[in-house]
$ cat my_file_36.txt   # compact mmCIF, C-alpha atoms and all ligand atoms
# COMPACT_ATOMS: atom_id res chain seq x y z
CA MET A 7 75.92 108.75 129.34
CA ASN A 8 79.68 108.33 129.60
CA TYR A 9 80.89 109.96 126.41
CA ILE A 10 84.55 109.43 125.60
CA LEU A 11 86.21 111.41 122.82
CA VAL A 12 88.46 109.10 120.81
CA THR A 13 90.72 110.94 118.39
CA GLY A 14 91.98 108.65 115.65
CA GLY A 15 89.19 106.25 116.63
CA ALA A 16 88.98 104.72 113.14
CA GLY A 17 92.66 103.71 113.21
CA TYR A 18 94.20 100.40 114.20
CA ILE A 19 94.41 100.76 117.99
CA GLY A 20 91.63 103.36 118.08
CA SER A 21 89.02 101.11 116.46
CA HIS A 22 89.78 98.18 118.79
CA THR A 23 89.55 100.56 121.73
CA CYS A 24 86.14 101.85 120.56
CA VAL A 25 84.87 98.26 120.46
CA GLU A 26 86.05 97.60 124.03
CA LEU A 27 84.71 100.96 125.25
CA ILE A 28 81.26 100.09 123.90
CA GLU A 29 81.45 96.60 125.41
CA ALA A 30 82.26 98.26 128.75
CA GLY A 31 79.23 100.58 128.51
CA PHE A 32 80.88 103.78 127.27
CA ASN A 33 79.82 105.89 124.30
CA PRO A 34 82.81 106.66 122.13
CA ILE A 35 82.72 109.80 120.00
CA ILE A 36 85.19 109.21 117.20
CA VAL A 37 87.07 112.18 115.79
CA ASP A 38 88.91 111.16 112.65
CA ASN A 39 89.94 112.84 109.41
CA PHE A 40 90.51 109.44 107.72
CA SER A 41 93.99 110.48 106.62
CA ASN A 42 95.24 106.98 107.47
CA SER A 43 92.06 104.98 108.09
CA GLU A 44 88.96 103.77 106.29
CA LYS A 45 85.35 104.79 106.77
CA PHE A 46 84.05 101.23 106.69
CA VAL A 47 85.73 100.73 110.07
CA ILE A 48 82.87 102.69 111.68
CA ASP A 49 80.33 100.19 110.30
CA ARG A 50 82.53 97.32 111.45
CA ILE A 51 82.57 98.64 115.00
CA GLU A 52 78.78 98.63 114.82
CA GLU A 53 78.77 95.11 113.33
CA ILE A 54 80.85 93.80 116.25
CA THR A 55 79.12 95.66 119.09
CA GLY A 56 75.60 96.29 117.76
CA LYS A 57 76.09 99.99 118.45
CA LYS A 58 77.14 102.68 116.00
CA PRO A 59 79.69 105.06 117.47
CA ILE A 60 79.16 108.78 116.99
CA LEU A 61 81.46 110.08 114.26
CA LEU A 62 82.75 113.63 114.00
CA GLU A 63 84.67 113.73 110.75
CA GLY A 64 87.43 116.29 110.89
CA ASP A 65 90.85 117.16 112.18
CA CYS A 66 91.32 117.19 115.95
CA GLY A 67 94.20 119.62 115.40
CA ASN A 68 91.59 122.19 114.33
CA ASN A 69 90.59 123.42 117.77
CA PRO A 70 87.80 125.84 116.79
CA TRP A 71 86.13 123.11 114.74
CA LEU A 72 86.55 120.51 117.52
CA THR A 73 85.16 122.83 120.18
CA ASP A 74 82.16 123.58 118.03
CA ALA A 75 81.54 119.98 116.96
CA THR A 76 81.60 118.63 120.54
CA LYS A 77 79.55 121.43 122.13
CA LYS A 78 76.40 119.42 122.61
CA TYR A 79 78.04 116.53 124.49
CA LYS A 80 79.21 116.33 128.09
CA ILE A 81 82.39 114.37 127.54
CA ASP A 82 83.98 112.59 130.50
CA GLY A 83 87.29 111.63 128.98
CA CYS A 84 89.49 111.80 125.93
CA ILE A 85 91.72 109.10 124.46
CA HIS A 86 94.09 110.82 122.08
CA PHE A 87 95.42 108.45 119.41
CA ALA A 88 95.43 110.70 116.35
CA ALA A 89 99.02 110.96 115.11
CA PHE A 90 101.25 110.03 112.21
CA LYS A 91 103.31 106.95 113.08
CA ALA A 92 105.66 105.92 110.27
CA VAL A 93 109.18 106.10 111.68
CA GLY A 94 110.91 106.19 108.26
CA GLU A 95 108.59 108.85 106.82
CA SER A 96 109.15 111.00 109.91
CA THR A 97 112.87 111.23 109.11
CA LYS A 98 112.04 112.46 105.58
CA GLU A 99 109.24 114.82 106.56
CA PRO A 100 109.90 115.87 110.15
CA LEU A 101 107.87 119.07 109.95
CA LYS A 102 104.79 117.14 108.92
CA TYR A 103 105.21 115.01 112.07
CA PHE A 104 105.86 117.92 114.41
CA GLU A 105 102.98 119.91 113.00
CA ASN A 106 100.45 117.09 113.15
CA ASN A 107 101.46 115.19 116.28
CA ILE A 108 102.35 118.17 118.46
CA GLY A 109 99.63 120.38 116.97
CA SER A 110 96.86 117.88 117.65
CA THR A 111 98.01 117.36 121.25
CA LEU A 112 98.05 121.12 121.88
CA SER A 113 94.61 121.38 120.35
CA ILE A 114 93.28 118.58 122.59
CA LEU A 115 94.71 120.20 125.73
CA LYS A 116 93.10 123.52 124.78
CA TRP A 117 89.87 121.68 124.09
CA MET A 118 90.00 120.05 127.54
CA LYS A 119 90.29 123.45 129.14
CA THR A 120 87.31 124.93 127.30
CA SER A 121 85.11 121.83 127.39
CA GLY A 122 85.75 121.03 131.05
CA CYS A 123 86.84 117.48 130.25
CA LYS A 124 89.39 116.49 132.91
CA ASN A 125 90.54 113.01 131.92
CA LEU A 126 93.14 112.31 129.25
CA VAL A 127 94.71 109.07 128.07
CA PHE A 128 97.58 109.72 125.69
CA SER A 129 98.90 107.23 123.17
CA SER A 130 102.66 107.06 123.77
CA SER A 131 105.31 104.50 122.90
CA CYS A 132 108.17 102.53 124.38
CA THR A 133 110.23 104.33 121.74
CA VAL A 134 110.75 107.03 124.43
CA TYR A 135 113.24 104.65 126.13
CA GLY A 136 115.43 103.99 123.07
CA GLN A 137 117.71 100.99 123.79
CA PRO A 138 117.35 100.68 127.55
CA ASP A 139 120.42 99.81 129.62
CA ILE A 140 118.49 97.47 131.89
CA LEU A 141 115.73 95.01 130.94
CA PRO A 142 112.86 94.67 131.52
CA VAL A 143 112.07 98.38 131.11
CA THR A 144 110.39 100.06 134.05
CA GLU A 145 108.73 103.47 133.96
CA GLN A 146 111.78 104.80 135.83
CA SER A 147 114.13 103.88 132.97
CA PRO A 148 115.61 107.06 131.56
CA LYS A 149 114.29 108.47 128.30
CA LYS A 150 117.02 108.31 125.67
CA PRO A 151 117.48 110.77 122.79
CA ALA A 152 114.81 109.90 120.24
CA GLU A 153 115.85 107.77 117.26
CA SER A 154 113.46 109.57 114.90
CA PRO A 155 111.26 112.67 114.67
CA TYR A 156 108.29 110.35 115.26
CA GLY A 157 109.83 109.17 118.55
CA ARG A 158 110.65 112.77 119.46
CA THR A 159 107.01 113.80 119.01
CA LYS A 160 105.99 111.14 121.55
CA GLN A 161 108.61 112.39 124.03
CA MET A 162 107.63 116.00 123.42
CA CYS A 163 103.91 115.33 123.82
CA GLU A 164 104.56 113.57 127.14
CA ASP A 165 106.55 116.63 128.30
CA ILE A 166 103.84 119.01 127.08
CA ILE A 167 101.15 117.08 128.97
CA GLU A 168 103.31 117.08 132.12
CA ASP A 169 103.99 120.83 131.86
CA TYR A 170 100.33 121.52 131.24
CA TYR A 171 99.40 119.43 134.27
CA LYS A 172 101.75 121.52 136.44
CA SER A 173 99.84 124.62 135.36
CA ASP A 174 96.35 123.15 135.69
CA LYS A 175 96.06 120.73 138.60
CA ASN A 176 92.49 119.96 137.61
CA ILE A 177 93.46 117.48 134.97
CA LYS A 178 94.17 113.77 135.27
CA ALA A 179 96.36 112.29 132.57
CA LEU A 180 97.92 108.94 131.80
CA ALA A 181 100.37 108.37 128.96
CA LEU A 182 100.38 104.72 127.91
CA ARG A 183 103.71 103.61 126.51
CA TYR A 184 102.89 100.80 124.14
CA PHE A 185 105.32 98.09 123.24
CA ASN A 186 104.59 96.27 119.93
CA PRO A 187 100.85 95.95 119.20
CA ILE A 188 99.96 93.09 116.85
CA GLY A 189 96.97 90.96 115.87
CA ALA A 190 93.39 91.89 115.15
CA HIS A 191 89.90 91.54 116.56
CA PRO A 192 89.01 87.80 116.63
CA SER A 193 85.94 88.55 114.47
CA ALA A 194 88.34 89.55 111.65
CA LEU A 195 86.14 92.59 111.03
CA ILE A 196 88.76 95.13 112.09
CA GLY A 197 92.54 95.02 112.11
CA GLU A 198 95.61 96.81 110.87
CA LEU A 199 95.43 98.35 107.38
CA PRO A 200 98.99 99.29 106.48
CA LEU A 201 99.39 101.78 103.65
CA GLY A 202 101.67 100.39 100.94
CA VAL A 203 104.57 98.15 101.91
CA PRO A 204 104.36 97.44 105.66
CA ASN A 205 107.27 98.48 107.86
CA ASN A 206 106.21 96.36 110.79
CA LEU A 207 107.00 92.71 111.21
CA VAL A 208 103.59 91.08 111.59
CA PRO A 209 101.79 92.75 108.66
CA PHE A 210 104.82 91.91 106.53
CA ILE A 211 104.59 88.28 107.66
CA THR A 212 100.86 88.02 106.90
CA GLN A 213 101.23 89.72 103.51
CA THR A 214 104.08 87.35 102.63
CA ALA A 215 102.02 84.33 103.69
CA ALA A 216 99.16 85.69 101.54
CA GLY A 217 101.46 85.97 98.52
CA ILE A 218 101.29 89.79 98.36
CA ARG A 219 105.02 90.01 99.18
CA GLU A 220 107.49 87.55 97.75
CA LYS A 221 109.55 87.07 100.89
CA LEU A 222 110.20 88.44 104.32
CA THR A 223 113.67 89.67 105.17
CA VAL A 224 114.76 89.14 108.76
CA PHE A 225 116.76 92.25 109.58
CA GLY A 226 119.94 90.75 111.02
CA ASN A 227 120.75 87.58 112.99
CA ASP A 228 123.99 88.73 114.58
CA TYR A 229 122.53 90.56 117.57
CA ASP A 230 123.45 89.67 121.14
CA THR A 231 120.29 87.58 121.68
CA PRO A 232 119.80 83.79 121.97
CA ASP A 233 119.04 83.28 118.26
CA GLY A 234 120.71 86.47 117.03
CA THR A 235 117.49 88.26 116.01
CA CYS A 236 115.98 91.30 117.74
CA ILE A 237 113.64 90.92 120.69
CA ARG A 238 110.37 92.83 121.22
CA ASP A 239 107.37 92.68 123.53
CA TYR A 240 104.44 91.85 121.24
CA ILE A 241 101.03 92.67 122.70
CA HIS A 242 97.64 91.65 121.30
CA VAL A 243 95.79 94.77 120.15
CA VAL A 244 92.63 93.70 122.02
CA ASP A 245 94.61 93.54 125.28
CA LEU A 246 96.02 96.97 124.49
CA ALA A 247 92.50 98.28 123.82
CA LEU A 248 91.37 96.91 127.20
CA ALA A 249 94.25 98.77 128.86
CA HIS A 250 92.74 102.02 127.52
CA VAL A 251 89.35 101.14 128.97
CA SER A 252 90.98 100.43 132.35
CA ALA A 253 92.93 103.69 132.12
CA ILE A 254 89.88 105.85 131.40
CA GLN A 255 87.87 104.10 134.13
CA PHE A 256 90.73 104.67 136.56
CA LEU A 257 90.86 108.39 135.75
CA ILE A 258 87.10 108.88 135.95
CA ASN A 259 86.99 107.22 139.39
CA LYS A 260 90.01 109.11 140.72
CA ASP A 261 89.37 112.26 142.77
CA GLU A 262 92.89 113.70 142.87
CA SER A 263 94.63 115.15 139.84
CA LEU A 264 97.62 113.30 138.44
CA VAL A 265 99.92 112.80 135.52
CA ASP A 266 101.58 109.43 135.08
CA PHE A 267 103.37 107.28 132.51
CA ILE A 268 102.64 103.59 132.22
CA ASN A 269 104.18 100.74 130.22
CA VAL A 270 101.71 98.58 128.34
CA GLY A 271 103.37 95.32 127.43
CA THR A 272 103.19 91.63 128.25
CA GLY A 273 106.49 91.54 130.10
CA VAL A 274 107.77 88.84 127.73
CA GLY A 275 110.24 89.33 124.91
CA ASN A 276 110.15 87.29 121.69
CA SER A 277 112.68 87.23 118.89
CA VAL A 278 111.86 87.75 115.21
CA LEU A 279 112.55 84.05 114.54
CA GLU A 280 110.27 83.02 117.40
CA VAL A 281 107.48 85.12 115.91
CA ILE A 282 108.01 83.56 112.48
CA ASN A 283 108.11 80.00 113.87
CA THR A 284 105.02 80.57 116.00
CA PHE A 285 103.15 82.06 113.04
CA GLU A 286 104.01 79.01 110.93
CA GLN A 287 103.03 76.55 113.64
CA VAL A 288 99.70 78.02 114.73
CA ASN A 289 98.51 78.74 111.22
CA GLY A 290 99.98 75.72 109.46
CA VAL A 291 101.62 77.82 106.76
CA GLN A 292 105.17 77.96 105.48
CA LEU A 293 106.71 81.39 105.30
CA ASN A 294 109.22 82.36 102.65
CA TYR A 295 111.93 84.28 104.51
CA GLU A 296 115.63 84.99 104.38
CA ILE A 297 118.16 86.51 106.73
CA GLY A 298 119.27 89.94 105.58
CA GLU A 299 121.23 92.94 106.77
CA ARG A 300 120.44 94.78 109.99
CA ARG A 301 117.91 97.62 109.62
CA SER A 302 119.47 100.90 110.60
CA GLY A 303 118.17 102.34 113.86
CA ASP A 304 116.81 99.01 115.15
CA ILE A 305 116.96 98.39 118.85
CA GLU A 306 118.46 95.04 119.84
CA LYS A 307 116.02 94.09 122.58
CA VAL A 308 113.26 95.77 124.50
CA TYR A 309 110.46 94.39 126.65
CA ALA A 310 108.34 95.78 129.42
CA ASP A 311 108.27 95.41 133.13
CA ALA A 312 104.47 95.25 133.37
CA SER A 313 104.23 95.24 137.16
CA TYR A 314 103.18 98.90 137.45
CA ILE A 315 100.22 98.60 135.09
CA ASN A 316 99.26 95.28 136.73
CA LYS A 317 99.10 97.10 140.05
CA ILE A 318 97.69 100.52 139.21
CA LEU A 319 95.13 99.55 136.55
CA CYS A 320 94.59 95.92 137.65
CA TRP A 321 95.28 95.03 134.06
CA ALA A 322 97.24 92.10 132.63
CA THR A 323 97.46 90.59 129.20
CA ARG A 324 95.00 87.79 128.57
CA LYS A 325 95.93 86.81 125.05
CA SER A 326 99.01 84.91 123.94
CA LEU A 327 101.42 85.44 121.08
CA GLU A 328 99.81 82.38 119.45
CA GLN A 329 96.34 83.98 119.58
CA ALA A 330 97.68 87.28 118.26
CA LEU A 331 99.30 85.56 115.28
CA GLU A 332 96.21 83.47 114.57
CA ASP A 333 94.05 86.61 114.65
CA ALA A 334 96.51 88.50 112.45
CA TRP A 335 96.33 85.71 109.84
CA ARG A 336 92.53 85.48 110.04
CA TRP A 337 92.37 89.25 109.43
CA GLN A 338 94.76 89.03 106.48
CA LYS A 339 92.62 86.29 104.90
CA ALA A 340 89.50 88.41 105.47
CA ILE A 341 91.17 91.35 103.73
CA ASN A 342 92.04 89.16 100.76
CA LYS A 343 88.55 87.69 100.54
CA ARG A 344 86.72 90.99 100.70
CA ALA A 345 89.34 92.64 98.48
CA TYR A 346 89.49 95.88 100.39
CA LYS A 347 91.01 98.77 98.58
CA ILE A 348 94.05 99.39 100.75
N1 LIG B 1 111.61 93.13 111.23
C1 LIG B 1 112.15 92.27 110.29
N2 LIG B 1 111.69 92.32 109.01
C2 LIG B 1 110.69 93.16 108.63
C3 LIG B 1 110.12 94.03 109.59
C4 LIG B 1 110.62 93.99 110.87
O1 LIG B 1 113.05 91.49 110.61
O2 LIG B 1 110.34 93.16 107.45
C5 LIG B 1 112.09 93.08 112.60
C6 LIG B 1 112.73 94.39 113.05
O3 LIG B 1 114.07 94.44 112.68
C7 LIG B 1 112.50 94.31 114.55
C8 LIG B 1 111.20 93.54 114.70
O4 LIG B 1 110.99 92.87 113.47
O5 LIG B 1 113.52 93.57 115.13
C9 LIG B 1 110.01 94.42 114.97
O6 LIG B 1 109.97 95.46 114.00
P1 LIG B 1 108.74 96.41 113.82
O7 LIG B 1 109.06 97.36 112.70
O8 LIG B 1 107.49 95.63 113.72
O9 LIG B 1 108.66 97.18 115.22
P2 LIG B 1 109.72 98.16 115.92
O10 LIG B 1 109.90 97.61 117.30
O11 LIG B 1 110.93 98.36 115.15
O12 LIG B 1 108.92 99.53 115.93
C10 LIG B 1 107.78 99.66 116.71
C11 LIG B 1 106.81 100.65 116.09
C12 LIG B 1 107.35 102.02 116.12
C13 LIG B 1 107.83 102.37 117.49
C14 LIG B 1 108.75 101.32 118.02
C15 LIG B 1 109.10 101.55 119.46
O13 LIG B 1 106.55 100.31 114.75
O14 LIG B 1 106.31 102.91 115.79
O15 LIG B 1 108.14 100.05 117.99
O16 LIG B 1 110.17 100.77 119.85
F1 LIG B 1 108.47 103.56 117.49
$ encode --input "my_file_36.txt" --output "structure tokens"
Amino acid sequence: MNYILVTGGAGYIGSHTCVELIEAGFNPIIVDNFSNSEKFVIDRIEEITGKKPILLEGDCGNNPWLTDATKKYKIDGCIHFAAFKAVGESTKEPLKYFENNIGSTLSILKWMKTSGCKNLVFSSSCTVYGQPDILPVTEQSPKKPAESPYGRTKQMCEDIIEDYYKSDKNIKALALRYFNPIGAHPSALIGELPLGVPNNLVPFITQTAAGIREKLTVFGNDYDTPDGTCIRDYIHVVDLALAHVSAIQFLINKDESLVDFINVGTGVGNSVLEVINTFEQVNGVQLNYEIGERRSGDIEKVYADASYINKILCWATRKSLEQALEDAWRWQKAINKRAYKI
């Protein structure tokens, strides 16, 4: 039995990863306190895969509880997603972010020591690069001062994992630096469930198309890009989930200890207007949008050099921007139909 501990496994990326872990023959053990996720997600994972994941409801930052709750399993790896992730909120409540995001990572590292679990995949972000000087961004690009406390927690957790590795050469750890995850499972049974008004582009687009928001504001069209709007590397969440499965398989099969940092992106940048136009085309809907002011703190353009992950994990994106935006819209329609309480 290959048990994999998945902290934050009921969340957006976590739930998609649990589905792909099960499909690959693993047994995810979800640790979630449902502070930013819904319990029905556990049933949905079962509906998609035919297998109910084990659920340990609680806070992975509570090490004594976690150690006790996982005692009866021999766990081969941990994928640590659990973290707060709202950039704006992190600037208003930095302590909440430091306490939760750093605290849970420390707790997981302590847990690894006591449980004997050697393999860690950490959920990091391309935010660690800030606005890179050279594009596409390789793993050697320098880390820039973080733009927000949220971004700082990702940088700090990477440093903590690296320092811990230097002290305990038994562990094997990969930090995956995600670019912009979008879309949903093609079944439309799981997807992103933003709390309140979405900050991110794609949920705002789908909510506008669904009539929940009146109009989308494009944050600036005077950037130094072909159409003047910002460029990002949008990756389908199912592809991102598969990258986690490859990462955990890689660590389990590896004999030597290591710590490494890997970009997870498509290698292609798309502008905000390209995303809007593609969404309209593939879904046959008209989006109400206007050009507005720049959003403070936005990075002009960032996209990954994906050659390292292609090589080391034999992973590449399989799904297109078109598929991601179709799946995102299908998920939004499913939410409307089933009238989830979000
Ligand atoms: N955008 C709009 N209108 C909106 C929302 C977004 O024009 O209503 C634009 C933004 O200005 C940006 C692009 O769409 O150009 C993407 O914005 P998102 O908020 O979706 O994504 P970001 O790249 O700004 O942020 C994401 C994650 C963060 C992470 C960061 C790392 O949300 O958690 O990537 O670069 F820190």
$ closest_atom_pairs --input "my_file_36.txt" --of "chain A" --to "ligand LIG 1 (chain B)" --cutoff "6 Å" --atoms "all atoms listed in the file" --output "Markdown table"
| residue | atom | partner | partner_atom | distance |
| --- | --- | --- | --- | --- |
| A:Lys91 | CA | B:LIG1 | O14 | 5.7 |
| A:Val93 | CA | B:LIG1 | O14 | 5.9 |
| A:Ser131 | CA | B:LIG1 | C15 | 5.9 |
| A:Cys132 | CA | B:LIG1 | C15 | 5.1 |
| A:Thr133 | CA | B:LIG1 | C15 | 3.8 |
| A:Gly157 | CA | B:LIG1 | F1 | 5.9 |
| A:Asn186 | CA | B:LIG1 | O15 | 5.5 |
| A:Asn205 | CA | B:LIG1 | O7 | 5.3 |
| A:Asn206 | CA | B:LIG1 | O8 | 3.3 |
| A:Leu207 | CA | B:LIG1 | C3 | 3.8 |
| A:Phe210 | CA | B:LIG1 | O2 | 5.7 |
| A:Leu222 | CA | B:LIG1 | O2 | 5.7 |
| A:Thr223 | CA | B:LIG1 | N2 | 5.1 |
| A:Val224 | CA | B:LIG1 | O1 | 3.4 |
| A:Phe225 | CA | B:LIG1 | O1 | 3.9 |
| A:Cys236 | CA | B:LIG1 | O5 | 4.2 |
| A:Val278 | CA | B:LIG1 | O4 | 5.5 |
| A:Arg301 | CA | B:LIG1 | O3 | 5.8 |
| A:Asp304 | CA | B:LIG1 | O3 | 5.9 |
$ residues_around --input "my_file_36.txt" --residues "Gly17 (chain A)" --least-positions-apart "6" --cutoff "9 Å" --atoms "only C-alpha atoms" --output "list of chain:residue names"
A:Asp38, A:Phe40, A:Asn42, A:Ser43, A:Glu44, A:Val47, A:Phe87, A:Ala88, A:Gly197, A:Glu198, A:Leu199
$ axis_aligned_box --input "my_file_36.txt" --around "region 316-327 of chain A" --padding-each-side "6 Å" --output "AutoDock Vina command-line options"
--center_x 98.0 --center_y 92.7 --center_z 130.6 --size_x 18.8 --size_y 27.6 --size_z 31.0
$ residues_around --input "my_file_36.txt" --residues "Ile211 (chain A)" --least-positions-apart "5" --cutoff "12 Å" --atoms "only C-alpha atoms" --output "NGL selection string"
:A and (188-189 or 203-206 or 216-224 or 278-279 or 281-286 or 289 or 291-296 or 331-332 or 334-335 or 338)
$ closest_residue --input "my_file_36.txt" --among "A:Ser121, A:Phe104, A:Gly56, A:Gly31" --to "Asp74 (chain A)" --atoms "only C-alpha atoms"
A:Ser121
$ atom_distance --input "my_file_36.txt" --atom1 "CA of Val143 (chain A)" --atom2 "CA of Asn269 (chain A)"
8.3 Å
$ atom_distance --input "my_file_36.txt" --atom1 "CA of Ile35 (chain A)" --atom2 "CA of His86 (chain A)"
11.6 Å
$ closest_residue --input "my_file_36.txt" --among "A:Ser21, A:Gln329, A:Asn8, A:Asn176" --to "Arg50 (chain A)" --atoms "all atoms listed in the file"
A:Ser21
$ residues_around --input "my_file_36.txt" --residues "Ser263 (chain A)" --least-positions-apart "6" --cutoff "12 Å" --atoms "only C-alpha atoms" --output "list in words"
Lys124, Asn125, Leu126, Glu168, Tyr171, Lys172, Ser173, Asp174, Lys175, Asn176, Ile177, Lys178, Ala179, Leu180, Phe256 and Leu257 of chain A
$ residues_near_point --input "my_file_36.txt" --point "(92.7, 93.3, 108.3)" --cutoff "10 Å" --atoms "only C-alpha atoms" --output "ChimeraX atom specification"
/A:18,189-191,194-200,209,212,333-342,344,346,348
$ closest_residue --input "my_file_36.txt" --among "A:Ile51, A:Ala330, A:Gly303, A:Asp266" --to "Gly94 (chain A)" --atoms "all atoms listed in the file"
A:Gly303
$ closest_residue --input "my_file_36.txt" --among "A:Lys98, A:Arg238, A:Lys116, A:Lys57" --to "Thr73 (chain A)" --atoms "only C-alpha atoms"
A:Lys116
$ closest_residue --input "my_file_36.txt" --among "A:Thr214, A:Thr272, A:Thr235, A:Thr23" --to "Thr55 (chain A)" --atoms "all atoms listed in the file"
A:Thr23
$ residues_around --input "my_file_36.txt" --residues "His250 (chain A)" --least-positions-apart "6" --cutoff "9 Å" --atoms "all atoms listed in the file" --output "PyMOL selection string"
chain A and resi 23+26-27+85+127+182
